[in-house]
file input38.cif (mmCIF, C-alpha atoms)
data_my_file
#
loop_
_atom_site.group_PDB
_atom_site.id
_atom_site.type_symbol
_atom_site.label_atom_id
_atom_site.label_comp_id
_atom_site.auth_asym_id
_atom_site.auth_seq_id
_atom_site.Cartn_x
_atom_site.Cartn_y
_atom_site.Cartn_z
ATOM 1 C CA MET O 3 54.240 -6.305 -26.875
ATOM 2 C CA LYS O 4 57.727 -7.715 -26.598
ATOM 3 C CA ALA O 5 59.806 -7.242 -23.433
ATOM 4 C CA ILE O 6 62.794 -5.064 -24.277
ATOM 5 C CA GLY O 7 64.169 -3.706 -20.998
ATOM 6 C CA LEU O 8 64.720 -0.090 -19.999
ATOM 7 C CA ALA O 9 68.132 0.338 -21.657
ATOM 8 C CA ASN O 10 66.737 -0.776 -25.006
ATOM 9 C CA PHE O 11 63.650 1.413 -24.542
ATOM 10 C CA ASN O 12 65.845 4.447 -23.816
ATOM 11 C CA SER O 13 67.980 3.741 -26.898
ATOM 12 C CA LEU O 14 65.029 3.709 -29.310
ATOM 13 C CA SER O 15 64.155 6.649 -31.483
ATOM 14 C CA GLU O 16 61.380 8.898 -30.210
ATOM 15 C CA ARG O 17 59.120 7.400 -32.848
ATOM 16 C CA GLY O 18 59.917 3.873 -31.640
ATOM 17 C CA GLN O 19 59.303 4.858 -28.038
ATOM 18 C CA MET O 20 55.985 6.507 -28.995
ATOM 19 C CA HIS O 21 54.894 3.371 -30.815
ATOM 20 C CA LEU O 22 55.553 1.218 -27.746
ATOM 21 C CA LEU O 23 53.891 3.655 -25.354
ATOM 22 C CA PHE O 24 50.868 3.834 -27.634
ATOM 23 C CA GLU O 25 50.575 0.046 -27.257
ATOM 24 C CA VAL O 26 50.481 0.600 -23.496
ATOM 25 C CA CYS O 27 47.880 3.386 -23.631
ATOM 26 C CA SER O 28 46.128 4.684 -26.728
ATOM 27 C CA SER O 29 46.338 8.321 -25.675
ATOM 28 C CA THR O 30 48.890 10.132 -27.827
ATOM 29 C CA ILE O 31 48.916 13.036 -25.360
ATOM 30 C CA TRP O 32 49.793 10.625 -22.538
ATOM 31 C CA ALA O 33 52.582 9.049 -24.594
ATOM 32 C CA ARG O 34 54.041 12.424 -25.650
ATOM 33 C CA ARG O 35 53.981 13.783 -22.107
ATOM 34 C CA VAL O 36 55.530 10.632 -20.681
ATOM 35 C CA LEU O 37 58.325 10.813 -23.267
ATOM 36 C CA ALA O 38 59.062 14.437 -22.419
ATOM 37 C CA ALA O 39 61.006 13.098 -19.408
ATOM 38 C CA ALA O 40 63.043 10.528 -21.379
ATOM 39 C CA PRO O 41 65.581 9.039 -21.051
ATOM 40 C CA PHE O 42 64.536 7.376 -17.795
ATOM 41 C CA ARG O 43 67.161 6.595 -15.141
ATOM 42 C CA ASP O 44 65.241 3.532 -13.938
ATOM 43 C CA ALA O 45 61.914 1.779 -14.342
ATOM 44 C CA ASP O 46 60.414 3.542 -11.327
ATOM 45 C CA ALA O 47 61.075 6.918 -12.946
ATOM 46 C CA LEU O 48 59.086 5.815 -16.002
ATOM 47 C CA TYR O 49 56.292 4.314 -13.883
ATOM 48 C CA ASP O 50 56.013 7.435 -11.737
ATOM 49 C CA ARG O 51 55.960 9.689 -14.776
ATOM 50 C CA ALA O 52 53.324 7.535 -16.475
ATOM 51 C CA ASP O 53 51.106 7.560 -13.370
ATOM 52 C CA ARG O 54 51.450 11.309 -12.870
ATOM 53 C CA ILE O 55 50.656 12.117 -16.496
ATOM 54 C CA LEU O 56 47.631 9.805 -16.486
ATOM 55 C CA ALA O 57 46.287 11.443 -13.319
ATOM 56 C CA GLU O 58 46.564 14.869 -14.982
ATOM 57 C CA LEU O 59 44.802 13.950 -18.238
ATOM 58 C CA PRO O 60 41.443 15.598 -18.892
ATOM 59 C CA ASP O 61 38.401 13.357 -19.240
ATOM 60 C CA ALA O 62 38.335 13.745 -23.034
ATOM 61 C CA GLU O 63 41.820 12.268 -23.271
ATOM 62 C CA ILE O 64 40.937 9.474 -20.852
ATOM 63 C CA ASP O 65 38.081 8.660 -23.237
ATOM 64 C CA ALA O 66 40.628 8.454 -26.068
ATOM 65 C CA ALA O 67 42.675 6.049 -23.938
ATOM 66 C CA LEU O 68 39.580 3.877 -23.462
ATOM 67 C CA ASP O 69 39.300 3.474 -27.233
ATOM 68 C CA GLY O 70 42.235 1.068 -27.036
ATOM 69 C CA HIS O 71 40.353 -1.345 -24.782
ATOM 70 C CA PRO O 72 37.814 -3.863 -26.063
ATOM 71 C CA ARG O 73 34.802 -4.827 -24.002
ATOM 72 C CA ILE O 74 35.488 -7.459 -21.382
ATOM 73 C CA GLY O 75 34.487 -10.718 -23.014
ATOM 74 C CA ALA O 76 34.555 -9.344 -26.560
ATOM 75 C CA ARG O 77 37.173 -10.405 -29.041
ATOM 76 C CA ALA O 78 40.397 -8.611 -28.160
ATOM 77 C CA ASP O 79 41.864 -6.598 -31.019
ATOM 78 C CA ASN O 80 45.387 -6.395 -29.623
ATOM 79 C CA PRO O 81 47.795 -8.885 -28.025
ATOM 80 C CA SER O 82 47.906 -7.095 -24.648
ATOM 81 C CA SER O 83 44.133 -7.191 -24.204
ATOM 82 C CA ALA O 84 43.990 -10.789 -25.405
ATOM 83 C CA ARG O 85 46.614 -11.800 -22.807
ATOM 84 C CA GLU O 86 44.882 -9.831 -20.032
ATOM 85 C CA GLN O 87 41.474 -11.350 -20.786
ATOM 86 C CA ALA O 88 42.720 -14.873 -21.487
ATOM 87 C CA ARG O 89 40.680 -16.457 -18.694
ATOM 88 C CA VAL O 90 37.434 -15.033 -20.105
ATOM 89 C CA ALA O 91 37.749 -17.025 -23.326
ATOM 90 C CA ASP O 92 37.143 -20.310 -21.488
ATOM 91 C CA ALA O 93 34.054 -19.118 -19.616
ATOM 92 C CA ASP O 94 30.644 -20.734 -19.972
ATOM 93 C CA ASP O 95 28.399 -19.232 -22.629
ATOM 94 C CA SER O 96 25.962 -18.094 -19.926
ATOM 95 C CA VAL O 97 28.704 -16.065 -18.213
ATOM 96 C CA LYS O 98 29.792 -14.571 -21.532
ATOM 97 C CA ALA O 99 26.172 -13.623 -22.290
ATOM 98 C CA ALA O 100 25.787 -12.022 -18.859
ATOM 99 C CA LEU O 101 29.038 -10.099 -19.377
ATOM 100 C CA ALA O 102 27.796 -8.838 -22.747
ATOM 101 C CA GLN O 103 24.478 -7.701 -21.236
ATOM 102 C CA LYS O 104 26.106 -6.007 -18.230
ATOM 103 C CA ASN O 105 28.659 -4.340 -20.530
ATOM 104 C CA ARG O 106 25.771 -2.774 -22.482
ATOM 105 C CA GLU O 107 24.101 -1.639 -19.250
ATOM 106 C CA TYR O 108 27.376 -0.140 -18.061
ATOM 107 C CA GLU O 109 27.949 1.754 -21.313
ATOM 108 C CA GLN O 110 24.396 3.100 -21.263
ATOM 109 C CA ARG O 111 24.774 4.220 -17.636
ATOM 110 C CA PHE O 112 28.254 5.743 -17.802
ATOM 111 C CA GLY O 113 28.886 6.442 -21.489
ATOM 112 C CA TYR O 114 32.121 4.501 -21.852
ATOM 113 C CA VAL O 115 33.445 0.932 -21.884
ATOM 114 C CA TYR O 116 33.713 -1.008 -18.617
ATOM 115 C CA LEU O 117 37.403 -1.047 -17.816
ATOM 116 C CA VAL O 118 38.985 -3.324 -15.253
ATOM 117 C CA CYS O 119 42.451 -4.753 -14.826
ATOM 118 C CA ALA O 120 41.486 -8.250 -15.971
ATOM 119 C CA SER O 121 44.857 -10.018 -15.714
ATOM 120 C CA GLY O 122 44.547 -13.309 -13.912
ATOM 121 C CA ARG O 123 40.840 -12.856 -13.213
ATOM 122 C CA SER O 124 38.116 -15.275 -14.220
ATOM 123 C CA ALA O 125 35.080 -14.266 -16.225
ATOM 124 C CA GLU O 126 32.908 -14.859 -13.168
ATOM 125 C CA GLU O 127 35.045 -12.524 -11.055
ATOM 126 C CA LEU O 128 34.972 -9.839 -13.764
ATOM 127 C CA LEU O 129 31.185 -10.182 -13.997
ATOM 128 C CA ASP O 130 30.861 -9.767 -10.212
ATOM 129 C CA ILE O 131 33.035 -6.644 -10.293
ATOM 130 C CA LEU O 132 31.011 -5.231 -13.179
ATOM 131 C CA THR O 133 27.740 -5.907 -11.375
ATOM 132 C CA ASP O 134 29.044 -4.156 -8.246
ATOM 133 C CA ARG O 135 30.344 -1.172 -10.204
ATOM 134 C CA LEU O 136 26.982 -0.626 -11.884
ATOM 135 C CA ALA O 137 25.787 0.611 -8.472
ATOM 136 C CA ASN O 138 28.394 3.412 -8.411
ATOM 137 C CA ASP O 139 27.425 7.001 -9.034
ATOM 138 C CA PRO O 140 29.075 8.534 -12.141
ATOM 139 C CA VAL O 141 31.728 10.492 -10.206
ATOM 140 C CA THR O 142 32.799 7.464 -8.168
ATOM 141 C CA GLU O 143 32.834 5.236 -11.229
ATOM 142 C CA ARG O 144 34.968 7.693 -13.198
ATOM 143 C CA ARG O 145 37.525 7.623 -10.383
ATOM 144 C CA VAL O 146 37.436 3.799 -10.233
ATOM 145 C CA MET O 147 37.846 3.563 -14.016
ATOM 146 C CA ARG O 148 40.863 5.917 -13.950
ATOM 147 C CA ASN O 149 42.455 3.760 -11.226
ATOM 148 C CA GLU O 150 41.886 0.623 -13.300
ATOM 149 C CA LEU O 151 43.439 2.310 -16.346
ATOM 150 C CA ALA O 152 46.486 3.188 -14.240
ATOM 151 C CA LYS O 153 46.789 -0.475 -13.125
ATOM 152 C CA ILE O 154 46.580 -1.684 -16.727
ATOM 153 C CA ASN O 155 49.164 0.855 -17.891
ATOM 154 C CA ARG O 156 51.525 -0.161 -15.076
ATOM 155 C CA LEU O 157 51.140 -3.858 -15.882
ATOM 156 C CA ARG O 158 51.852 -3.215 -19.552
ATOM 157 C CA LEU O 159 54.860 -1.012 -18.788
ATOM 158 C CA GLU O 160 56.262 -3.660 -16.436
ATOM 159 C CA ARG O 161 55.843 -6.268 -19.152
ATOM 160 C CA LEU O 162 57.553 -3.977 -21.679
ATOM 161 C CA LEU O 163 60.475 -3.197 -19.382
ATOM 162 C CA SER O 164 61.071 -6.729 -18.145
ATOM 163 C CA GLU O 165 64.350 -7.925 -19.511
ATOM 164 C CA PRO O 166 64.162 -9.776 -22.821
ATOM 165 C CA THR O 167 64.618 -13.515 -22.643
#
call {"tool": "encode", "arguments": {"input": "input38.cif", "output": "structure tokens"}}
result
Amino acid sequence: MKAIGLANFNSLSERGQMHLLFEVCSSTIWARRVLAAAPFRDADALYDRADRILAELPDAEIDAALDGHPRIGARADNPSSAREQARVADADDSVKAALAQKNREYEQRFGYVYLVCASGRSAEELLDILTDRLANDPVTERRVMRNELAKINRLRLERLLSEPT
């Protein structure tokens, strides 16, 4: 996702804005509801709107948003995920294998992909977080996962709205 700045974002067609927001979060409902408040007077207005809409989404739509996130340690299928998980690529094979195993355990326990804001974190740190989160009850974990999704969305929006260089 290329940095374009808020003024350029606001000047795009609705279709162009939707495309960019869908790269941030793969929930079309989230993107449509965020855009309902466009144009945005400043970045904080967009961030606040995005956070509020995400918090209001039903679980089924959160699950749709998770579809846009590969497993931690798996091959990333989009540039944002690849950038966010960059430090995992260099991990030892044993750490990658442990991540793969714990990812499967997590998905069996909770029914969805392990989601964590991975930017700047090592594979070992992400494995430790995953191991800790496996001890959560389903209600607590759902809340944690939603918070992580909000962090990822915010990071991606900030990257999008940073001024082009």
call {"tool": "resolve_selection", "arguments": {"input": "input38.cif", "expression": "the PyMOL selection byres ((chain O and resi 67) around 12)", "output": "PyMOL selection string"}}
result
chain O and resi 23-33+56+59-66+68-72+114-115+117+147-148+150-152+154-155
call {"tool": "resolve_selection", "arguments": {"input": "input38.cif", "expression": "the PyMOL selection byres ((chain O and resi 8-11) around 10)", "output": "MDAnalysis selection string"}}
result
chainID O and resid 5:7 12:16 18:19 22 40:45 48 159:160 162:166
call {"tool": "closest_residue", "arguments": {"input": "input38.cif", "among": "O:Arg161, O:Arg135, O:Lys4, O:Arg156", "to": "O:Arg51", "atoms": "only C-alpha atoms"}}
result
O:Arg156
call {"tool": "atom_distance", "arguments": {"input": "input38.cif", "atom1": "atom CA of O:Arg85", "atom2": "atom CA of O:Met3"}}
result
10.2 Å
call {"tool": "residues_around", "arguments": {"input": "input38.cif", "residues": "O:Ser96", "least_positions_apart": "6", "cutoff": "12 Å", "atoms": "only C-alpha atoms", "output": "JSON list (two decimals) with C-alpha atoms, in the coordinates of the input"}}
result
[["chain", "number", "residue", "atom", "x", "y", "z"],
["O", 75, "GLY", "CA", 34.49, -10.72, -23.01],
["O", 90, "VAL", "CA", 37.43, -15.03, -20.10],
["O", 102, "ALA", "CA", 27.80, -8.84, -22.75],
["O", 103, "GLN", "CA", 24.48, -7.70, -21.24],
["O", 125, "ALA", "CA", 35.08, -14.27, -16.23],
["O", 126, "GLU", "CA", 32.91, -14.86, -13.17],
["O", 129, "LEU", "CA", 31.18, -10.18, -14.00]]
call {"tool": "atom_distance", "arguments": {"input": "input38.cif", "atom1": "atom CA of O:Leu136", "atom2": "atom CA of O:Gln87"}}
result
20.1 Å
call {"tool": "closest_residue", "arguments": {"input": "input38.cif", "among": "O:Asp46, O:Asp134, O:Glu127, O:Asp53", "to": "O:Lys153", "atoms": "all atoms listed in the file"}}
result
O:Asp53
call {"tool": "atom_distance", "arguments": {"input": "input38.cif", "atom1": "atom CA of O:Ser124", "atom2": "atom CA of O:Leu157"}}
result
17.4 Å
call {"tool": "closest_residue", "arguments": {"input": "input38.cif", "among": "O:Ala93, O:Val118, O:Leu37, O:Ala52", "to": "O:Arg73", "atoms": "only C-alpha atoms"}}
result
O:Val118
call {"tool": "closest_residue", "arguments": {"input": "input38.cif", "among": "O:Asp130, O:Ala120, O:Asn138, O:Ala38", "to": "O:Leu101", "atoms": "only C-alpha atoms"}}
result
O:Asp130
call {"tool": "residues_near_point", "arguments": {"input": "input38.cif", "point": "(22.4, 5.3, -14.8)", "cutoff": "12 Å", "atoms": "only C-alpha atoms", "output": "JSON list (two decimals) with C-alpha atoms, in the coordinates of the input"}}
result
[["chain", "number", "residue", "atom", "x", "y", "z"],
["O", 106, "ARG", "CA", 25.77, -2.77, -22.48],
["O", 107, "GLU", "CA", 24.10, -1.64, -19.25],
["O", 108, "TYR", "CA", 27.38, -0.14, -18.06],
["O", 109, "GLU", "CA", 27.95, 1.75, -21.31],
["O", 110, "GLN", "CA", 24.40, 3.10, -21.26],
["O", 111, "ARG", "CA", 24.77, 4.22, -17.64],
["O", 112, "PHE", "CA", 28.25, 5.74, -17.80],
["O", 113, "GLY", "CA", 28.89, 6.44, -21.49],
["O", 135, "ARG", "CA", 30.34, -1.17, -10.20],
["O", 136, "LEU", "CA", 26.98, -0.63, -11.88],
["O", 137, "ALA", "CA", 25.79, 0.61, -8.47],
["O", 138, "ASN", "CA", 28.39, 3.41, -8.41],
["O", 139, "ASP", "CA", 27.42, 7.00, -9.03],
["O", 140, "PRO", "CA", 29.08, 8.53, -12.14],
["O", 141, "VAL", "CA", 31.73, 10.49, -10.21],
["O", 143, "GLU", "CA", 32.83, 5.24, -11.23]]
call {"tool": "axis_aligned_box", "arguments": {"input": "input38.cif", "around": "stretch 33-52 of chain O", "padding_each_side": "3 Å", "output": "AutoDock Vina command-line options"}}
result
--center_x 59.9 --center_y 8.1 --center_z -18.5 --size_x 20.6 --size_y 18.7 --size_z 20.3
call {"tool": "closest_residue", "arguments": {"input": "input38.cif", "among": "O:Tyr49, O:Glu86, O:Ala76, O:Ile55", "to": "O:Gly122", "atoms": "all atoms listed in the file"}}
result
O:Glu86
